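**Student:** Take a look at this one; I'll ask things after.
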Amino acid sequence: MDKQDTQYLKESLRNQRPHERFNEALSRTICDKIKNKKGYELYIRLIGRVREVAKEKKLSETEAVKLILGRS
């Protein structure tokens with residue numbers, strides 16, 4: 001993950017609505033910035049990494065993002 005990827009994750013975490021799942025917040029954040037196929041590919045890559053960490057550590061997606069970002 002590069003600096004831009006972590007920036008998208010931070011922004012998605014910050015903008016996540018109370019009733020919203022993390023993947024929806026990430027999708028909305030990326031869609032607002034990048035249109036067309038590149039945005040979709042970025043979303044798939046990032047959510048795949050988040051889900052991989054979540055499954056490996058047995059965490060929720062939100063907790064996995066916090067772990068990736070180094071927060072507790």
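Every chain in the structure tokens has a letter given in the order shown (A, B, ...), and although residue numbers restart at 1 in each chain, ligands are simply numbered from 1 in the order shown.
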Any idea what's packed within 9 Å of Glu61 of chain A, counting only C-alpha atoms, ignoring anything in its chain fewer than 4 positions away? Could you give it as JSON, numbers by chain?
**Tutor:** {"A": [21, 22, 23, 47, 50, 51, 53, 54, 55, 65, 66]}
**Student:** How would the residues just picked look written out with N, CA, C and O atoms as a JSON list (two decimals), in the first residue's frame?
**Tutor:**
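This is the output file part-v4.json:
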```
[["chain", "number", "residue", "atom", "x", "y", "z"],
["A", 21, "ARG", "N", -21.71, 0.50, 6.35],
["A", 21, "ARG", "CA", -20.60, -0.43, 6.46],
["A", 21, "ARG", "C", -19.36, 0.22, 5.85],
["A", 21, "ARG", "O", -19.46, 1.12, 5.03],
["A", 22, "PHE", "N", -18.18, -0.27, 6.23],
["A", 22, "PHE", "CA", -16.95, 0.36, 5.76],
["A", 22, "PHE", "C", -16.81, 0.27, 4.25],
["A", 22, "PHE", "O", -16.37, 1.23, 3.61],
["A", 23, "ASN", "N", -17.17, -0.86, 3.66],
["A", 23, "ASN", "CA", -17.00, -0.98, 2.21],
["A", 23, "ASN", "C", -17.84, 0.05, 1.45],
["A", 23, "ASN", "O", -17.42, 0.55, 0.40],
["A", 47, "ILE", "N", -10.33, -2.90, -0.85],
["A", 47, "ILE", "CA", -11.27, -3.67, -0.03],
["A", 47, "ILE", "C", -10.79, -5.12, 0.07],
["A", 47, "ILE", "O", -10.98, -5.76, 1.11],
["A", 50, "VAL", "N", -8.21, -5.07, 2.83],
["A", 50, "VAL", "CA", -8.88, -4.91, 4.13],
["A", 50, "VAL", "C", -9.53, -6.21, 4.55],
["A", 50, "VAL", "O", -9.39, -6.65, 5.70],
["A", 51, "ARG", "N", -10.22, -6.87, 3.65],
["A", 51, "ARG", "CA", -10.89, -8.13, 3.97],
["A", 51, "ARG", "C", -9.88, -9.24, 4.28],
["A", 51, "ARG", "O", -10.14, -10.10, 5.11],
["A", 53, "VAL", "N", -6.91, -8.85, 5.70],
["A", 53, "VAL", "CA", -6.44, -8.60, 7.07],
["A", 53, "VAL", "C", -7.53, -8.96, 8.08],
["A", 53, "VAL", "O", -7.27, -9.57, 9.11],
["A", 54, "ALA", "N", -8.78, -8.58, 7.76],
["A", 54, "ALA", "CA", -9.90, -8.87, 8.67],
["A", 54, "ALA", "C", -10.07, -10.37, 8.87],
["A", 54, "ALA", "O", -10.28, -10.83, 9.99],
["A", 55, "LYS", "N", -9.96, -11.12, 7.80],
["A", 55, "LYS", "CA", -10.12, -12.57, 7.90],
["A", 55, "LYS", "C", -8.95, -13.19, 8.66],
["A", 55, "LYS", "O", -9.14, -14.05, 9.52],
["A", 65, "VAL", "N", -9.06, -1.93, 9.16],
["A", 65, "VAL", "CA", -8.54, -0.67, 8.61],
["A", 65, "VAL", "C", -7.72, 0.06, 9.67],
["A", 65, "VAL", "O", -6.63, 0.57, 9.39],
["A", 66, "LYS", "N", -8.24, 0.10, 10.88],
["A", 66, "LYS", "CA", -7.50, 0.74, 11.97],
["A", 66, "LYS", "C", -6.17, 0.05, 12.20],
["A", 66, "LYS", "O", -5.16, 0.71, 12.46]]
```
**Student:** How would you write, as a PyMOL selection string, the set of residues in chain A that DSSP gives as helix (DSSP H, G or I)?
**Tutor:** chain A and resi 3-15+22-33+36-57+61-69
**Student:** Find the spatial neighbours of Leu69 of chain A, counting only C-alpha atoms, within a cut-off of 9 Å - ignore same-chain residues fewer than 5 positions away - and output them as a list in words.
**Tutor:**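 Everything that qualifies: Thr6, Leu9, Lys10 and Ala64 of chain A.
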**Student:** May I have the selected residues written with N, CA, C and O atoms, as a tab-separated table (two decimals), in the first residue's frame?
**Tutor:**
```
chain	number	residue	atom	x	y	z
A	6	THR	N	-3.41	4.67	1.72
A	6	THR	CA	-3.70	4.91	3.13
A	6	THR	C	-4.53	6.18	3.32
A	6	THR	O	-5.36	6.25	4.21
A	9	LEU	N	-8.08	5.22	2.76
A	9	LEU	CA	-8.59	4.48	3.91
A	9	LEU	C	-8.90	5.41	5.08
A	9	LEU	O	-9.95	5.29	5.72
A	10	LYS	N	-8.00	6.36	5.35
A	10	LYS	CA	-8.23	7.33	6.44
A	10	LYS	C	-9.48	8.15	6.18
A	10	LYS	O	-10.30	8.35	7.07
A	64	ALA	N	-9.99	-3.79	11.02
A	64	ALA	CA	-8.86	-4.14	10.15
A	64	ALA	C	-8.24	-2.89	9.55
A	64	ALA	O	-7.01	-2.79	9.45
```
**Student:** Do a neighbour search on segment 26-33 of chain A at 9 Å with only C-alpha atoms, toss out local chain neighbours closer than 6 positions, and write the hits as a PyMOL selection string.
**Tutor:** chain A and resi 8-9+11-13+15-16+39-40+42-43+46-47
**Student:** Report, in Å to a single decimal, how far apart atom CA of Lys38 of chain A and atom CA of Ser60 of chain A are.
**Tutor:** 26.2 Å
